[in-house]
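One structure is given here, and the rest of the page talks about it.
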4 protein chains.
Amino acid sequence: MPARNGHPAEDPLKKAAILDVAIRAFAADGFRGTDVGVIADQAGVGKGTVYRYFGSKEELFWATAFEVLLRLERHLFAAMQGIVSPYERLRAAGRAYAEFFVAHPQYLEVFIQDRAEFRGVGPESHRQYHEKLAERFAEIIRQGVEAGEFRPVDPRMTTSALASVLYGCVVLCCYVARDRSPEEITMHTVDIFLQGLRAGGC
Amino acid sequence: MPARNGHPAEDPLKKAAILDVAIRAFAADGFRGTDVGVIADQAGVGKGTVYRYFGSKEELFWATAFEVLLRLERHLFAAMQGIVSPYERLRAAGRAYAEFFVAHPQYLEVFIQDRAEFRGVGPESHRQYHEKLAERFAEIIRQGVEAGEFRPVDPRMTTSALASVLYGCVVLCCYVARDRSPEEITMHTVDIFLQGLRAGGC
Amino acid sequence: MPARNGHPAEDPLKKAAILDVAIRAFAADGFRGTDVGVIADQAGVGKGTVYRYFGSKEELFWATAFEVLLRLERHLFAAMQGIVSPYERLRAAGRAYAEFFVAHPQYLEVFIQDRAEFRGVGPESHRQYHEKLAERFAEIIRQGVEAGEFRPVDPRMTTSALASVLYGCVVLCCYVARDRSPEEITMHTVDIFLQGLRAGGC
Amino acid sequence: MPARNGHPAEDPLKKAAILDVAIRAFAADGFRGTDVGVIADQAGVGKGTVYRYFGSKEELFWATAFEVLLRLERHLFAAMQGIVSPYERLRAAGRAYAEFFVAHPQYLEVFIQDRAEFRGVGPESHRQYHEKLAERFAEIIRQGVEAGEFRPVDPRMTTSALASVLYGCVVLCCYVARDRSPEEITMHTVDIFLQGLRAGGC
DNA sequence: AATGAATGAGCATTCATTCAT
DNA sequence: TATGAATGAATGCTCATTCAT
């Protein structure tokens, strides 16, 4: 809503610049450890501008976390593009998930900070977005079940299960099996998830 | 009468009291949000004593995280006690893992803080302990493979996989499927992990 | 069509609107606690306009304080209208003074802020106006003395005395005798001032 | 309450030093304009120490204002020492009041800030102290009335009246009659207060 | 050895003022 | 002329760590 005589009420480029810097900053130092002033400096704007655009450090963080979620979603669905088999779609999503966080470790840190600092209690809009995203995966699983490709599992719980598997893999890879890449571990885990650890009992 | 070695005259009871308080404090407010002074007060000791026993806030946190790891390990192996089948042992461990963190949510927060604040880079002794713990599970998987109960997977990678699955379940339960308990989600996930999502293609 | 002199094309209505809002704002939050941006918003103008019309927050405050002084003066002389006896004129002025600040507590706060923040050191024009106002009262006292209604006091000092009495009454009424109204206290004080506390020793 | 092995829980000298600096600082820059850090520096202590001793900037200010009130009270009663006649006691108090604030202008500024910033709403303990002080003066007036030295006025209201007169004189002297000293103005006003402005109508 | 008073770097947020549009 | 986005200095308060007692 520009004023009567022309004003760029909000500059999307500037907003994006702040967000980009914020991702790196929160990833590097954590929510508490991050200085809003440093973000402002690195984004080339005044501290007041950051507050103008985002209201508070907390809201800035949530905007940051949301942006990461958006990018992850885009990456996942791009990777599943053109694949039909639900089985292959989940494998592709798993691989993309690992790739995404390996390529952008800072995104992972933001995810982790979100949980660590706010225990998953963010703005309602985030919850709704999670919900929508989960539903998209539940639908894939539902199709796999209907197609007889998957066992007759509960789609929503299995979406949770898949999310847990993927999240656990990328988060814990720093603790375990340092001689393997996160992608390797993730794909191994996803494959067990899909095939089962148990020896095939027909 | 100073002790034989190291710090003279350390009172193990006092140390345990501090640690107990620290778990609750770090869980409640996070690493950065926790005030060492408050821990000292609640433990009934002076701030200086906390520093004498633990050196720094960071070291205190690591001691805290280590204590939680010890308790988790005890709980897991107690739950596997007397079970022979590797398959059943892993199921029992999975259930125990979820139970443990549901019964003591603060322990989970400490785990999460550990990763969030220090990216899994703690003292070397922790790494070694993780290693030993992982080896114990790898051994179970190895036995399962040898017994023909499991597919011929890499035991170490599969241990990673299992850890990721369990960790992901308890950490993410706050985001997804709020209508299910963490135990339900975890057991569902573990069962898929063991049985496979794919429809049994003999 | 710019005005003949000084600032071209100043809108007196807009200026008055800003001043009105400013009185309330400064009274409510004090000089330091008042946000110029809020004044601009409430007056329905841009922040830049406030600065265009008043130059700085400080000058805005002085304009505000001056406006209050003008209104007080009008109120006092309206109340003295038609009264001849100097004695009765001063009583009427005293009563009007108390009434004025009871009816408009925000005016009082502005007076107090003026003294608190600037120690009475405002622009020279204010000093001159004070001087003129004081002289009008001194003249009344002079007449009272000449008429034999007052003792032969120094008119200027007695004007000061009267001002102090009135100011003290309205400012301190929040500390003392909360069971009496400011008007009661003021009239009691004024009457003592006029009659003397001492038992009339003829 | 020192700890088991000797601690000077609170150093009264340090506290007094902070208070002394605070009086000057608040007087010079006002409540809002004063930087607690500057007070700490000038008092030769850390900022944390100021907060340890006084809890907050506001409480520090109240302690400051209270200290000034105590000093004023001591000065007033010292000046009335040995004087019997209520009439002379009030004159002496009036003179002492003016002298006190002329000798310590910063005390006056603190008084004014108190009213400006907090509208006389301080801690309950202050109100009680004011009350006690007022009662002491009311008693003097009561005695003057009983002795026939004063007219039969209400002692409490007349105390208010006297307080208003004195306060008004010292506060406003910066606006009016700059060619007279505050003491002169005050004594003139007090004398009118005592004798009456009106020509003695027997 | 134990204590807790003292320290001061650190940080979120506000707001007077400017100036491009 | 009017606007309000941008700026960044300013400030209250916290808390990890030290050290005199």
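In the structure tokens, the first chain shown is A, the next is B, and so on; residue numbers restart at 1 for each chain, and ligands run from 1 in the order shown.
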message: List the spatial neighbours of segment 3-15 of chain F as a PyMOL selection string - criterion: any atom at most 9 Å away, only C-alpha atoms (C1' of nucleotides), same-chain residues fewer than 6 positions off excluded.
response: (chain A and resi 3-10+45-49+52) or (chain B and resi 35-37) or (chain C and resi 45-49) or (chain D and resi 35-37+48+51+56-57) or (chain E and resi 10+14+18+21)
Restricting the output to C-alpha atoms (C1' of nucleotides), write the selected residues as an mmCIF file, in the first residue's frame.
data_model
loop_
_atom_site.group_PDB
_atom_site.id
_atom_site.type_symbol
_atom_site.label_atom_id
_atom_site.label_comp_id
_atom_site.auth_asym_id
_atom_site.auth_seq_id
_atom_site.Cartn_x
_atom_site.Cartn_y
_atom_site.Cartn_z
ATOM 1 C CA ALA A 3 1.421 6.360 0.078
ATOM 2 C CA ARG A 4 -0.146 8.957 -2.148
ATOM 3 C CA ASN A 5 3.105 10.067 -3.728
ATOM 4 C CA GLY A 6 4.977 6.953 -4.618
ATOM 5 C CA HIS A 7 6.764 4.821 -2.042
ATOM 6 C CA PRO A 8 8.160 1.338 -2.307
ATOM 7 C CA ALA A 9 6.372 0.335 0.885
ATOM 8 C CA GLU A 10 8.349 -2.889 1.139
ATOM 9 C CA VAL A 45 20.678 -2.569 6.044
ATOM 10 C CA GLY A 46 20.125 -0.799 9.329
ATOM 11 C CA LYS A 47 19.002 -2.672 12.386
ATOM 12 C CA GLY A 48 15.760 -0.744 12.346
ATOM 13 C CA THR A 49 15.032 -2.069 8.888
ATOM 14 C CA ARG A 52 10.539 -2.991 10.263
ATOM 15 C CA ASP B 35 21.479 -19.532 34.267
ATOM 16 C CA VAL B 36 24.328 -21.285 36.068
ATOM 17 C CA GLY B 37 23.471 -19.293 39.151
ATOM 18 C CA VAL C 45 0.069 13.543 9.040
ATOM 19 C CA GLY C 46 3.463 12.174 8.128
ATOM 20 C CA LYS C 47 6.400 12.358 10.456
ATOM 21 C CA GLY C 48 8.153 14.631 8.003
ATOM 22 C CA THR C 49 5.321 17.111 8.273
ATOM 23 C CA ASP D 35 22.321 5.971 31.832
ATOM 24 C CA VAL D 36 22.710 3.425 34.604
ATOM 25 C CA GLY D 37 26.045 2.482 33.099
ATOM 26 C CA GLY D 48 25.851 -5.412 37.716
ATOM 27 C CA TYR D 51 21.513 -3.757 39.791
ATOM 28 C CA SER D 56 16.248 -1.650 38.659
ATOM 29 C CA LYS D 57 16.715 1.857 37.429
ATOM 30 C "C1'" DG E 10 26.722 -8.630 25.150
ATOM 31 C "C1'" DT E 14 13.334 1.895 20.328
ATOM 32 C "C1'" DT E 18 16.905 12.457 7.485
ATOM 33 C "C1'" DT E 21 10.430 9.841 -4.014
#
Filtered DSSP result for chain B, state helix (DSSP H, G or I), as a ChimeraX atom specification: /B:12-33,36-43,47-54,57-80,86-103,105-118,124-146,155-172,182-195
- request: Please determine the contact residues of chain C with respect to chain D at a cut-off of 7 Å, counting only C-alpha atoms, and supply them as a ChimeraX atom specification.
  value: /C:32,112-113,116-117,120,148-151,157,160-161,164-165,167-169,172,174-177,185,189,192-199,202
Would you output that residue set with N, CA and C atoms, as an mmCIF file, in the first residue's frame?
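Final output, saved to again.cif:
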data_model
loop_
_atom_site.group_PDB
_atom_site.id
_atom_site.type_symbol
_atom_site.label_atom_id
_atom_site.label_comp_id
_atom_site.auth_asym_id
_atom_site.auth_seq_id
_atom_site.Cartn_x
_atom_site.Cartn_y
_atom_site.Cartn_z
ATOM 1 N N ARG C 32 10.441 12.683 27.134
ATOM 2 C CA ARG C 32 11.297 11.607 26.629
ATOM 3 C C ARG C 32 10.498 10.402 26.182
ATOM 4 N N ILE C 112 4.698 20.569 34.052
ATOM 5 C CA ILE C 112 5.683 19.893 34.902
ATOM 6 C C ILE C 112 6.840 19.352 34.067
ATOM 7 N N GLN C 113 6.511 18.775 32.932
ATOM 8 C CA GLN C 113 7.552 18.279 32.037
ATOM 9 C C GLN C 113 8.473 19.407 31.609
ATOM 10 N N ALA C 116 10.766 19.978 34.352
ATOM 11 C CA ALA C 116 11.603 18.814 34.642
ATOM 12 C C ALA C 116 12.663 18.612 33.565
ATOM 13 N N GLU C 117 12.261 18.784 32.336
ATOM 14 C CA GLU C 117 13.170 18.454 31.245
ATOM 15 C C GLU C 117 14.085 19.619 30.891
ATOM 16 N N GLY C 120 13.080 25.196 32.861
ATOM 17 C CA GLY C 120 12.562 26.527 32.602
ATOM 18 C C GLY C 120 13.360 27.299 31.562
ATOM 19 N N GLY C 148 -5.280 50.567 48.904
ATOM 20 C CA GLY C 148 -5.274 50.286 50.333
ATOM 21 C C GLY C 148 -5.850 48.930 50.674
ATOM 22 N N GLU C 149 -6.145 48.152 49.647
ATOM 23 C CA GLU C 149 -6.734 46.835 49.899
ATOM 24 C C GLU C 149 -5.652 45.832 50.318
ATOM 25 N N PHE C 150 -4.426 46.048 49.847
ATOM 26 C CA PHE C 150 -3.299 45.175 50.192
ATOM 27 C C PHE C 150 -2.281 45.948 50.995
ATOM 28 N N ARG C 151 -1.498 45.205 51.722
ATOM 29 C CA ARG C 151 -0.361 45.833 52.408
ATOM 30 C C ARG C 151 0.628 46.330 51.349
ATOM 31 N N MET C 157 7.433 40.802 43.362
ATOM 32 C CA MET C 157 7.728 39.660 44.219
ATOM 33 C C MET C 157 6.441 38.975 44.664
ATOM 34 N N SER C 160 5.279 36.697 41.996
ATOM 35 C CA SER C 160 6.027 35.448 42.111
ATOM 36 C C SER C 160 5.446 34.579 43.218
ATOM 37 N N ALA C 161 5.193 35.231 44.329
ATOM 38 C CA ALA C 161 4.675 34.497 45.476
ATOM 39 C C ALA C 161 3.355 33.819 45.122
ATOM 40 N N SER C 164 3.870 30.903 42.798
ATOM 41 C CA SER C 164 4.416 29.747 43.507
ATOM 42 C C SER C 164 3.336 29.027 44.290
ATOM 43 N N VAL C 165 2.519 29.804 44.942
ATOM 44 C CA VAL C 165 1.445 29.227 45.744
ATOM 45 C C VAL C 165 0.530 28.378 44.870
ATOM 46 N N TYR C 167 1.026 27.163 41.754
ATOM 47 C CA TYR C 167 1.708 26.044 41.133
ATOM 48 C C TYR C 167 1.915 24.919 42.143
ATOM 49 N N GLY C 168 2.423 25.291 43.302
ATOM 50 C CA GLY C 168 2.656 24.273 44.332
ATOM 51 C C GLY C 168 1.394 23.504 44.651
ATOM 52 N N CYS C 169 0.290 24.215 44.741
ATOM 53 C CA CYS C 169 -0.965 23.548 45.105
ATOM 54 C C CYS C 169 -1.348 22.485 44.092
ATOM 55 N N LEU C 172 1.390 19.513 43.891
ATOM 56 C CA LEU C 172 1.582 18.629 45.032
ATOM 57 C C LEU C 172 0.329 17.921 45.493
ATOM 58 N N CYS C 174 -1.152 15.641 44.485
ATOM 59 C CA CYS C 174 -1.111 14.188 44.369
ATOM 60 C C CYS C 174 -0.377 13.550 45.538
ATOM 61 N N TYR C 175 0.386 14.357 46.283
ATOM 62 C CA TYR C 175 1.130 13.780 47.399
ATOM 63 C C TYR C 175 0.392 13.921 48.715
ATOM 64 N N VAL C 176 -0.308 15.049 48.864
ATOM 65 C CA VAL C 176 -0.814 15.372 50.190
ATOM 66 C C VAL C 176 -2.329 15.431 50.195
ATOM 67 N N ALA C 177 -2.869 15.215 51.350
ATOM 68 C CA ALA C 177 -4.295 15.409 51.584
ATOM 69 C C ALA C 177 -5.131 14.864 50.431
ATOM 70 N N ILE C 185 -7.911 22.565 48.365
ATOM 71 C CA ILE C 185 -6.585 22.873 48.884
ATOM 72 C C ILE C 185 -6.114 24.237 48.388
ATOM 73 N N THR C 189 -5.323 27.548 50.603
ATOM 74 C CA THR C 189 -3.986 28.150 50.579
ATOM 75 C C THR C 189 -4.052 29.612 50.160
ATOM 76 N N ILE C 192 -5.322 31.695 53.006
ATOM 77 C CA ILE C 192 -4.285 31.986 54.000
ATOM 78 C C ILE C 192 -3.342 33.033 53.438
ATOM 79 N N PHE C 193 -2.996 32.840 52.161
ATOM 80 C CA PHE C 193 -2.083 33.788 51.523
ATOM 81 C C PHE C 193 -2.642 35.210 51.610
ATOM 82 N N LEU C 194 -3.941 35.312 51.446
ATOM 83 C CA LEU C 194 -4.544 36.647 51.451
ATOM 84 C C LEU C 194 -4.793 37.164 52.871
ATOM 85 N N GLN C 195 -5.248 36.277 53.735
ATOM 86 C CA GLN C 195 -5.627 36.729 55.093
ATOM 87 C C GLN C 195 -4.474 36.625 56.089
ATOM 88 N N GLY C 196 -3.570 35.715 55.808
ATOM 89 C CA GLY C 196 -2.507 35.489 56.786
ATOM 90 C C GLY C 196 -2.850 34.348 57.720
ATOM 91 N N LEU C 197 -1.832 33.604 58.060
ATOM 92 C CA LEU C 197 -2.047 32.493 58.984
ATOM 93 C C LEU C 197 -2.112 33.027 60.416
ATOM 94 N N ARG C 198 -1.393 34.081 60.637
ATOM 95 C CA ARG C 198 -1.296 34.626 61.978
ATOM 96 C C ARG C 198 -2.652 35.114 62.486
ATOM 97 N N ALA C 199 -2.846 34.892 63.720
ATOM 98 C CA ALA C 199 -4.074 35.403 64.316
ATOM 99 C C ALA C 199 -4.033 36.930 64.214
ATOM 100 N N CYS C 202 -4.632 43.039 65.844
ATOM 101 C CA CYS C 202 -4.914 44.444 65.547
ATOM 102 C C CYS C 202 -4.141 45.341 66.508
#
task: Up to 9 Å from chain B, what residues of chain E turn up? Count only C-alpha atoms (C1' of nucleotides) and give them as a PyMOL selection string.
output: chain E and resi 1-4
Based on the selection just made, write N, CA, C and O atoms (P, O5', C5', C4', C3', O3' and C1' of nucleotides) of those residues as a PDB file, in the first residue's frame.
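For reference, selection.pdb as written:
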ATOM      1  P    DA E   1      40.445 -28.168  46.918  1.00  0.00           P
ATOM      2  O5'  DA E   1      39.576 -27.782  48.199  1.00  0.00           O
ATOM      3  C5'  DA E   1      39.127 -28.755  49.152  1.00  0.00           C
ATOM      4  C4'  DA E   1      37.800 -28.311  49.714  1.00  0.00           C
ATOM      5  C3'  DA E   1      36.750 -27.993  48.656  1.00  0.00           C
ATOM      6  O3'  DA E   1      35.474 -28.380  49.140  1.00  0.00           O
ATOM      7  C1'  DA E   1      37.253 -26.038  49.879  1.00  0.00           C
ATOM      8  P    DA E   2      34.178 -28.001  48.257  1.00  0.00           P
ATOM      9  O5'  DA E   2      33.737 -26.588  48.838  1.00  0.00           O
ATOM     10  C5'  DA E   2      33.279 -26.510  50.179  1.00  0.00           C
ATOM     11  C4'  DA E   2      32.552 -25.196  50.380  1.00  0.00           C
ATOM     12  C3'  DA E   2      31.519 -24.869  49.293  1.00  0.00           C
ATOM     13  O3'  DA E   2      30.363 -24.377  49.950  1.00  0.00           O
ATOM     14  C1'  DA E   2      33.126 -23.121  49.439  1.00  0.00           C
ATOM     15  P    DT E   3      29.052 -24.009  49.058  1.00  0.00           P
ATOM     16  O5'  DT E   3      29.172 -22.437  49.059  1.00  0.00           O
ATOM     17  C5'  DT E   3      29.292 -21.759  50.309  1.00  0.00           C
ATOM     18  C4'  DT E   3      29.613 -20.321  50.056  1.00  0.00           C
ATOM     19  C3'  DT E   3      28.673 -19.641  49.062  1.00  0.00           C
ATOM     20  O3'  DT E   3      27.843 -18.762  49.778  1.00  0.00           O
ATOM     21  C1'  DT E   3      30.957 -19.018  48.745  1.00  0.00           C
ATOM     22  P    DG E   4      26.347 -18.545  49.249  1.00  0.00           P
ATOM     23  O5'  DG E   4      26.467 -17.061  48.699  1.00  0.00           O
ATOM     24  C5'  DG E   4      27.228 -16.092  49.441  1.00  0.00           C
ATOM     25  C4'  DG E   4      27.665 -14.997  48.488  1.00  0.00           C
ATOM     26  C3'  DG E   4      26.621 -14.620  47.429  1.00  0.00           C
ATOM     27  O3'  DG E   4      26.802 -13.255  47.064  1.00  0.00           O
ATOM     28  C1'  DG E   4      28.524 -15.312  46.352  1.00  0.00           C
TER      29       DG E   4
END
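A straight line drawn from atom CA of Ile140 of chain A to atom CA of Arg71 of chain A is 19.9 Å long.
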message: What's around Phe77 of chain D at 12 Å? Count only C-alpha atoms (C1' of nucleotides), leave out sequence neighbours fewer than 2 positions away in its own chain, and write the answer as a list in words.
response: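 So the residues in contact are Leu70, Arg71, Leu72, Glu73, Arg74, His75, Ala79, Met80, Gln81, Gly82, Ile83, Arg89, Leu90, Ala92, Ala93, Gly94, Arg95, Ala96, Tyr97, Phe100, Leu133, Arg136, Phe137 and Ile140 of chain D.
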Include N, CA, C and O atoms and write out the residues we just selected as a tab-separated table (two decimals), in the first residue's frame.
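Output file part_28.tsv follows:
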chain	number	residue	atom	x	y	z
D	70	LEU	N	15.05	12.38	53.10
D	70	LEU	CA	15.64	12.23	54.43
D	70	LEU	C	16.54	13.42	54.76
D	70	LEU	O	16.49	13.99	55.85
D	71	ARG	N	17.36	13.79	53.78
D	71	ARG	CA	18.29	14.89	54.03
D	71	ARG	C	17.53	16.21	54.24
D	71	ARG	O	17.89	17.01	55.09
D	72	LEU	N	16.48	16.39	53.45
D	72	LEU	CA	15.67	17.60	53.62
D	72	LEU	C	15.08	17.63	55.02
D	72	LEU	O	15.14	18.66	55.72
D	73	GLU	N	14.52	16.53	55.44
D	73	GLU	CA	13.88	16.48	56.75
D	73	GLU	C	14.90	16.82	57.84
D	73	GLU	O	14.62	17.64	58.73
D	74	ARG	N	16.07	16.18	57.75
D	74	ARG	CA	17.10	16.46	58.76
D	74	ARG	C	17.42	17.96	58.79
D	74	ARG	O	17.52	18.57	59.84
D	75	HIS	N	17.57	18.51	57.60
D	75	HIS	CA	17.93	19.93	57.53
D	75	HIS	C	16.84	20.81	58.13
D	75	HIS	O	17.13	21.74	58.89
D	79	ALA	N	17.10	23.08	61.58
D	79	ALA	CA	16.91	24.54	61.55
D	79	ALA	C	15.87	24.99	62.58
D	79	ALA	O	15.92	26.11	63.07
D	80	MET	N	14.94	24.11	62.90
D	80	MET	CA	13.87	24.49	63.86
D	80	MET	C	14.29	24.23	65.30
D	80	MET	O	13.61	24.64	66.24
D	81	GLN	N	15.41	23.51	65.41
D	81	GLN	CA	15.95	23.15	66.73
D	81	GLN	C	15.98	24.35	67.69
D	81	GLN	O	16.52	25.40	67.35
D	82	GLY	N	15.40	24.19	68.83
D	82	GLY	CA	15.54	25.22	69.87
D	82	GLY	C	14.57	26.38	69.73
D	82	GLY	O	14.51	27.26	70.59
D	83	ILE	N	13.82	26.41	68.68
D	83	ILE	CA	12.84	27.48	68.51
D	83	ILE	C	11.51	27.02	69.08
D	83	ILE	O	11.08	25.90	68.81
D	89	ARG	N	8.98	28.88	64.18
D	89	ARG	CA	9.42	27.57	63.68
D	89	ARG	C	9.10	27.45	62.18
D	89	ARG	O	9.92	26.99	61.40
D	90	LEU	N	7.90	27.90	61.79
D	90	LEU	CA	7.55	27.80	60.38
D	90	LEU	C	8.41	28.71	59.53
D	90	LEU	O	8.85	28.34	58.44
D	92	ALA	N	11.44	29.56	60.19
D	92	ALA	CA	12.76	28.93	60.13
D	92	ALA	C	12.74	27.77	59.13
D	92	ALA	O	13.68	27.59	58.35
D	93	ALA	N	11.66	27.01	59.16
D	93	ALA	CA	11.56	25.88	58.23
D	93	ALA	C	11.53	26.38	56.79
D	93	ALA	O	12.19	25.83	55.90
D	94	GLY	N	10.80	27.44	56.58
D	94	GLY	CA	10.72	28.00	55.23
D	94	GLY	C	12.09	28.44	54.74
D	94	GLY	O	12.51	28.11	53.63
D	95	ARG	N	12.80	29.14	55.59
D	95	ARG	CA	14.13	29.62	55.21
D	95	ARG	C	15.05	28.41	54.95
D	95	ARG	O	15.79	28.38	53.96
D	96	ALA	N	14.95	27.43	55.81
D	96	ALA	CA	15.82	26.25	55.66
D	96	ALA	C	15.51	25.51	54.36
D	96	ALA	O	16.41	25.02	53.67
D	97	TYR	N	14.24	25.45	54.05
D	97	TYR	CA	13.81	24.77	52.81
D	97	TYR	C	14.47	25.43	51.60
D	97	TYR	O	15.07	24.76	50.76
D	100	PHE	N	18.24	24.91	51.60
D	100	PHE	CA	18.59	23.52	51.27
D	100	PHE	C	18.67	23.33	49.77
D	100	PHE	O	19.63	22.78	49.23
D	133	LEU	N	5.99	12.85	57.95
D	133	LEU	CA	6.60	14.18	57.90
D	133	LEU	C	5.52	15.26	57.97
D	133	LEU	O	5.63	16.24	58.72
D	136	ARG	N	4.20	15.79	61.40
D	136	ARG	CA	5.07	16.58	62.30
D	136	ARG	C	4.79	18.07	62.13
D	136	ARG	O	4.80	18.83	63.11
D	137	PHE	N	4.57	18.47	60.88
D	137	PHE	CA	4.29	19.90	60.66
D	137	PHE	C	2.88	20.25	61.09
D	137	PHE	O	2.63	21.34	61.65
D	140	ILE	N	2.88	21.13	64.63
D	140	ILE	CA	3.36	22.49	64.91
D	140	ILE	C	2.23	23.50	64.71
D	140	ILE	O	2.01	24.40	65.53
query: Distance atom CA of Arg24 of chain A-atom CA of Asp11 of chain A, one decimal place?
result: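 Atom CA of Asp11 of chain A lies at a distance of 20.6 Å from atom CA of Arg24 of chain A.
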message: Pairing every C-alpha atom in order, fit chain A onto chain B and give me the RMSD in Å.
response: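 Once chain A is fitted onto chain B, the C-alpha RMSD works out to 2.1 Å.
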- prompt: When you draw a straight line from atom CA of Ser85 of chain C to atom CA of Glu99 of chain C, how long is it in Å?
  reply: 20.8 Å
message: Just want the 8 Å neighbourhood of Ala63 of chain A, counted on only C-alpha atoms (C1' of nucleotides), with same-chain residues fewer than 3 positions away dropped. Output as a list in words.
response: Leu19, Phe54, Glu59, Leu60, Phe66 and Glu67 of chain A
